[in-house]
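As stored in run.csv (CSV, C-alpha atoms):
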chain,number,residue,atom,x,y,z
X,281,MET,CA,64.9,-6.2,99.6
X,282,VAL,CA,63.2,-7.5,102.7
X,283,GLN,CA,65.7,-8.7,105.3
X,284,ALA,CA,65.5,-12.2,106.6
X,285,TYR,CA,64.7,-11.2,110.2
X,286,LYS,CA,61.8,-9.1,109.0
X,287,MET,CA,60.4,-12.0,106.9
X,288,ARG,CA,60.6,-14.1,110.0
X,289,GLU,CA,58.7,-11.5,112.0
X,290,VAL,CA,55.9,-11.4,109.4
X,291,LEU,CA,55.8,-15.2,109.2
X,292,VAL,CA,55.2,-15.6,113.0
X,293,CYS,CA,52.6,-12.8,113.0
X,294,GLU,CA,50.8,-14.5,110.1
X,295,GLN,CA,50.4,-17.5,112.3
X,296,VAL,CA,49.0,-15.3,115.0
X,297,ALA,CA,46.6,-13.7,112.5
X,298,GLU,CA,45.3,-17.1,111.4
X,299,GLU,CA,44.6,-18.0,115.0
X,300,ILE,CA,42.8,-14.7,115.7
X,301,ASN,CA,40.7,-15.1,112.5
X,302,LYS,CA,39.8,-18.7,113.5
X,303,ASN,CA,38.7,-17.6,117.0
X,304,GLU,CA,37.2,-14.2,116.4
X,305,GLY,CA,35.9,-14.5,112.8
X,306,THR,CA,38.1,-11.7,111.6
X,307,ASP,CA,40.2,-11.4,108.4
X,308,TYR,CA,43.6,-10.2,109.5
X,309,TYR,CA,46.8,-10.6,107.7
X,310,ALA,CA,50.4,-9.6,108.6
X,311,ILE,CA,52.4,-7.0,106.8
X,312,ALA,CA,55.9,-5.6,107.7
X,313,SER,CA,55.8,-2.1,109.2
X,314,GLN,CA,57.6,0.6,107.3
X,315,THR,CA,58.7,2.2,110.6
X,316,ASP,CA,60.9,1.0,113.5
X,317,PHE,CA,57.8,0.6,115.7
X,318,PRO,CA,55.9,-1.6,115.5
X,319,ASP,CA,57.6,-4.5,113.8
X,320,VAL,CA,54.4,-5.8,112.1
X,321,LEU,CA,50.9,-4.6,111.4
X,322,LEU,CA,47.9,-6.9,111.5
X,323,LYS,CA,45.5,-5.4,108.9
X,324,SER,CA,41.9,-6.4,108.0
X,325,ARG,CA,41.5,-7.4,104.4
X,326,SER,CA,37.9,-6.1,104.4
X,327,GLY,CA,38.8,-3.0,106.4
X,328,GLN,CA,36.1,-3.8,108.9
X,329,CYS,CA,38.5,-4.6,111.8
X,330,GLN,CA,40.8,-2.2,113.5
X,331,PRO,CA,44.5,-2.7,112.7
X,332,ARG,CA,46.6,-4.2,115.5
X,333,GLU,CA,50.3,-3.3,116.1
X,334,ALA,CA,52.6,-6.2,116.9
X,335,GLU,CA,56.1,-6.4,118.3
X,336,VAL,CA,58.1,-9.6,117.9
X,337,VAL,CA,60.8,-10.9,120.3
X,338,SER,CA,62.8,-14.0,120.1
X,339,THR,CA,63.3,-16.5,122.9
X,340,PRO,CA,65.2,-18.2,124.4
X,341,SER,CA,67.6,-15.4,125.3
X,342,ASP,CA,70.5,-18.0,125.8
X,343,PHE,CA,73.0,-16.7,123.3
X,344,THR,CA,74.4,-20.1,122.6
X,345,ILE,CA,71.2,-21.5,121.0
X,346,ARG,CA,69.7,-18.4,119.4
X,347,HIS,CA,68.9,-19.0,115.8
X,348,ASP,CA,70.5,-15.7,114.9
X,349,ASN,CA,73.8,-16.3,116.7
X,350,LYS,CA,76.4,-14.6,114.5
X,351,ASN,CA,79.4,-16.5,115.8
X,352,VAL,CA,78.0,-19.8,114.7
X,353,ARG,CA,77.2,-18.6,111.2
X,354,LYS,CA,80.7,-17.2,111.0
X,355,PHE,CA,82.2,-20.5,112.1
X,356,GLU,CA,80.2,-22.4,109.4
X,357,ARG,CA,81.2,-19.9,106.7
X,358,GLU,CA,84.9,-20.0,107.6
X,359,LEU,CA,85.1,-23.8,108.0
X,360,ARG,CA,83.3,-24.3,104.6
X,361,LEU,CA,85.8,-22.0,102.9
X,362,ALA,CA,88.8,-23.7,104.6
X,363,LEU,CA,87.6,-27.1,103.5
X,364,GLN,CA,87.0,-25.9,100.0
X,365,ASP,CA,90.6,-24.6,99.9
X,366,LEU,CA,91.6,-28.2,100.8
X,367,LYS,CA,89.5,-29.5,97.9
X,368,LEU,CA,87.2,-31.5,100.2
X,369,LEU,CA,83.9,-32.2,98.5
X,370,GLY,CA,81.2,-34.8,98.8
X,371,TYR,CA,80.7,-34.6,102.6
X,372,ASN,CA,78.1,-33.4,105.1
X,373,ILE,CA,80.0,-32.0,108.1
X,374,SER,CA,78.3,-31.4,111.5
X,375,VAL,CA,80.2,-29.7,114.3
X,376,TYR,CA,79.2,-29.3,117.9
X,377,TRP,CA,81.0,-26.2,119.1
X,378,SER,CA,81.9,-25.6,122.8
X,379,GLU,CA,80.0,-22.9,124.7
X,380,PRO,CA,83.0,-20.6,125.2
X,381,ALA,CA,83.6,-20.7,121.5
X,382,ILE,CA,80.1,-19.7,120.7
X,383,ARG,CA,80.0,-17.0,123.3
X,384,PHE,CA,83.4,-15.4,122.7
X,385,GLY,CA,84.4,-16.4,119.1
X,386,VAL,CA,87.3,-18.4,117.6
X,387,GLU,CA,90.3,-17.2,115.7
X,388,THR,CA,90.3,-18.0,112.0
X,389,ALA,CA,93.6,-19.9,112.3
X,390,LEU,CA,91.9,-22.4,114.7
X,391,ILE,CA,89.0,-22.9,112.2
X,392,ARG,CA,91.6,-23.7,109.5
X,393,SER,CA,93.3,-26.2,111.9
X,394,LEU,CA,89.9,-27.8,112.3
X,395,ALA,CA,89.5,-28.0,108.6
X,396,ALA,CA,92.9,-29.7,108.3
X,397,LEU,CA,91.8,-32.3,111.0
X,398,ILE,CA,88.6,-33.0,109.2
X,399,ASN,CA,90.4,-33.4,105.9
X,400,ALA,CA,92.9,-35.8,107.4
X,401,ASN,CA,90.2,-38.0,108.9
X,402,ALA,CA,87.6,-38.0,106.2
X,403,SER,CA,86.8,-41.2,104.3
X,404,ALA,CA,85.0,-41.3,101.0
X,405,SER,CA,83.5,-44.7,101.9
X,406,SER,CA,82.5,-44.5,105.6
X,407,TYR,CA,80.8,-42.4,108.2
X,408,LEU,CA,83.1,-41.0,110.9
X,409,PHE,CA,82.3,-39.6,114.3
X,410,LEU,CA,85.2,-37.8,116.0
X,411,ARG,CA,84.5,-37.5,119.8
X,412,GLY,CA,86.1,-35.0,122.2
X,413,VAL,CA,88.7,-37.5,123.4
X,414,GLU,CA,89.8,-38.4,119.9
X,415,ILE,CA,90.0,-34.7,118.9
X,416,TYR,CA,92.1,-34.1,122.1
X,417,LYS,CA,94.6,-36.8,121.1
X,418,GLN,CA,95.1,-35.0,117.7
X,419,SER,CA,94.9,-31.4,119.0
X,420,PRO,CA,94.3,-30.4,122.6
X,421,GLU,CA,93.8,-26.8,121.4
X,422,LEU,CA,90.9,-27.8,119.1
X,423,SER,CA,89.3,-29.9,121.8
X,424,GLN,CA,88.6,-26.6,123.7
X,425,ILE,CA,86.4,-25.2,120.9
X,426,VAL,CA,84.8,-28.4,119.5
X,427,HIS,CA,83.1,-31.3,121.4
X,428,TYR,CA,82.6,-33.5,118.4
X,429,VAL,CA,82.6,-33.6,114.6
X,430,ARG,CA,80.5,-35.9,112.4
X,431,ILE,CA,81.8,-36.5,108.9
X,432,PHE,CA,79.3,-38.1,106.6
X,433,PRO,CA,80.1,-38.8,102.9
X,434,VAL,CA,77.4,-38.0,100.4
X,435,PRO,CA,76.9,-39.3,96.8
X,436,TYR,CA,77.3,-35.9,95.1
X,437,PRO,CA,80.1,-33.3,94.8
X,438,LYS,CA,78.9,-30.9,97.4
X,439,LEU,CA,80.1,-29.7,100.8
X,440,GLU,CA,77.6,-29.1,103.5
X,441,VAL,CA,78.6,-27.6,106.9
X,442,HIS,CA,76.2,-27.4,109.8
X,443,SER,CA,76.4,-26.7,113.6
X,444,ALA,CA,74.8,-29.3,115.9
X,445,SER,CA,73.3,-28.2,119.2
X,446,MET,CA,72.6,-30.1,122.4
X,447,TRP,CA,70.7,-28.4,125.2
X,448,TRP,CA,67.9,-28.9,127.6
X,449,ALA,CA,64.9,-26.7,127.8
X,450,PRO,CA,63.8,-25.4,131.3
X,451,ARG,CA,60.6,-26.9,132.7
X,452,ASP,CA,59.4,-23.5,133.9
X,453,GLY,CA,58.3,-20.3,132.0
X,454,ARG,CA,61.5,-18.4,132.4
X,455,TRP,CA,62.2,-18.1,128.7
X,456,ILE,CA,58.8,-16.6,128.0
X,457,GLU,CA,59.2,-14.3,131.0
X,458,GLU,CA,62.6,-13.1,129.8
X,459,ALA,CA,61.1,-12.3,126.4
X,460,VAL,CA,58.4,-10.2,127.9
X,461,ILE,CA,60.9,-8.4,130.1
X,462,CYS,CA,63.1,-7.7,127.1
X,463,LYS,CA,60.3,-5.6,125.5
X,464,LEU,CA,59.3,-4.0,128.7
X,465,LYS,CA,62.8,-2.7,129.1
X,466,LYS,CA,62.6,-1.2,125.7
X,467,TYR,CA,59.1,0.3,125.8
X,468,GLY,CA,58.2,0.5,129.5
X,469,ASP,CA,55.0,-0.5,131.3
X,470,GLY,CA,52.6,2.2,130.1
X,471,SER,CA,50.4,3.5,127.3
X,472,LEU,CA,52.7,2.3,124.6
X,473,THR,CA,52.3,-1.4,125.6
X,474,GLN,CA,48.6,-1.2,126.5
X,475,ASN,CA,47.5,-1.5,122.9
X,476,LEU,CA,50.4,-3.6,121.7
X,477,VAL,CA,50.3,-7.3,120.5
X,478,LEU,CA,53.5,-9.0,121.8
X,479,VAL,CA,54.5,-12.0,119.8
X,480,ILE,CA,57.2,-14.3,121.2
X,481,ASP,CA,59.0,-16.3,118.5
X,482,GLY,CA,59.8,-19.5,120.3
X,483,LEU,CA,61.0,-21.5,117.3
X,484,SER,CA,61.0,-25.1,118.6
X,485,HIS,CA,62.6,-24.1,121.9
X,486,VAL,CA,59.3,-23.5,123.8
X,487,ASP,CA,57.0,-26.4,124.6
X,488,SER,CA,53.6,-26.9,126.3
X,489,GLU,CA,55.2,-27.4,129.7
X,490,GLN,CA,56.9,-24.0,129.6
X,491,ILE,CA,53.6,-22.4,128.4
X,492,ALA,CA,51.6,-24.0,131.2
X,493,ALA,CA,54.2,-22.9,133.8
X,494,PHE,CA,54.1,-19.3,132.5
X,495,ARG,CA,50.4,-19.2,132.7
X,496,ASP,CA,50.4,-20.5,136.3
X,497,ASN,CA,52.7,-17.7,137.5
X,498,ASN,CA,51.6,-14.9,135.2
X,499,PRO,CA,47.9,-14.1,135.3
X,500,PRO,CA,46.7,-12.1,132.3
X,501,GLU,CA,45.8,-9.0,134.3
X,502,LYS,CA,49.5,-8.7,135.3
X,503,ILE,CA,50.7,-8.8,131.7
X,504,PRO,CA,51.1,-5.2,130.5
X,505,PHE,CA,50.4,-5.9,126.8
X,506,ALA,CA,47.0,-5.9,125.1
X,507,GLU,CA,47.7,-9.4,123.8
X,508,LEU,CA,50.5,-12.0,124.3
X,509,TRP,CA,51.2,-14.8,122.0
X,510,VAL,CA,53.9,-17.5,121.7
X,511,VAL,CA,54.6,-19.1,118.3
X,512,THR,CA,56.4,-22.4,118.6
X,513,MET,CA,56.7,-25.5,116.4
X,514,GLY,CA,54.4,-23.9,113.7
X,515,ARG,CA,51.5,-22.9,115.9
X,516,ALA,CA,50.4,-19.8,117.8
X,517,TYR,CA,49.3,-20.0,121.4
X,518,ARG,CA,47.4,-17.1,123.1
X,519,LEU,CA,48.6,-16.3,126.6
X,520,LYS,CA,46.6,-13.1,127.0
X,521,SER,CA,43.4,-12.0,125.1
X,522,ARG,CA,42.6,-8.5,124.3
X,523,THR,CA,40.1,-6.9,126.6
X,524,PRO,CA,36.8,-6.1,124.8

Could I get this structure in the form of structure tokens?
Amino acid sequence: MVQAYKMREVLVCEQVAEEINKNEGTDYYAIASQTDFPDVLLKSRSGQCQPREAEVVSTPSDFTIRHDNKNVRKFERELRLALQDLKLLGYNISVYWSEPAIRFGVETALIRSLAALINANASASSYLFLRGVEIYKQSPELSQIVHYVRIFPVPYPKLEVHSASMWWAPRDGRWIEEAVICKLKKYGDGSLTQNLVLVIDGLSHVDSEQIAAFRDNNPPEKIPFAELWVVTMGRAYRLKSRTP
């Protein structure tokens, strides 16, 4: 069974392959590598183009907003189970966790206390938004791990639990730079990276302003990879082309 993170790596490299094919008239497609290095292979359907090895790295590096944050997924799972134990169904619950909670974790007992607070405030007929000050009045301890809770009734017997996020993206290219540095720390600046395609998975966190700022401060000849790409909001952007 292909793991979810590997499927994600192939997906972003497929978007890179499509852009390469469009610009270079090639016929690449992405396939998961069967070894630890590289992550993905770009192969030619016709066999007329040389394979390209690609490594994928996620950005931003800020642990609180990474899509693969394990604490957040754990909170959602434990809260869903605690609410189900309380027989609460027919709601869409969205929680905005505090940064310390996301970074350092939360005891299961506190998650169960949060479930009890949600259950006590939920209404089958109206939308409810519990702000930090309201949470504090009911439980000062919970206000340290949760900034707000949105409780929204839905017309079907299902329980949905999500985590909200509120953050501001930087206006410079630091997240892209951090992603490049992450791979350089692993593989070094040498022969291993000279033929490597580095693909940065920016999700929806990287925008055109960050890309422009990175380009302004990082000329292609200073980038120690054969190619550099950022995939963000469903599109691949080339930051360094392969030298003919």

(request) Might you pull out every residue within 12 Å of Tyr428 (chain X), with all atoms listed in the file counted and same-chain residues fewer than 3 positions away left off, and present them as a PyMOL selection string? (result) chain X and resi 373-378+394+397-398+408-416+422-425+431+443-446

(request) Fewer than 2 positions away in the same chain doesn't count, so skip those; otherwise give me all residues within 7 Å of region 449-459 of chain X, counting all atoms listed in the file, as number ranges by chain. (result) X: 337-341, 447, 461-463, 480, 485, 489-491, 493-494

(message) Please list as a list of chain:residue names every residue within 6 Å of Ala506 (chain X), counting only C-alpha atoms and excluding residues in the same chain fewer than 2 positions away.
(response)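 Final neighbour list, sorted by chain and number: X:Gln474, X:Asn475, X:Leu476, X:Val477, X:Arg522.
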
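Interatomic distance, CA of Asp307 (chain X) to CA of Gly327 (chain X): 8.7 Å.
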
Would you pick out the contacts of Ala404 (chain X) at 7 Å or less, using only C-alpha atoms, so that residues sharing its chain but fewer than 2 positions from it are not included, and give the list as a JSON list (two decimals) with C-alpha atoms, in the coordinates of the input?
[["chain", "number", "residue", "atom", "x", "y", "z"],
["X", 402, "ALA", "CA", 87.60, -38.00, 106.20],
["X", 406, "SER", "CA", 82.50, -44.50, 105.60],
["X", 433, "PRO", "CA", 80.10, -38.80, 102.90]]
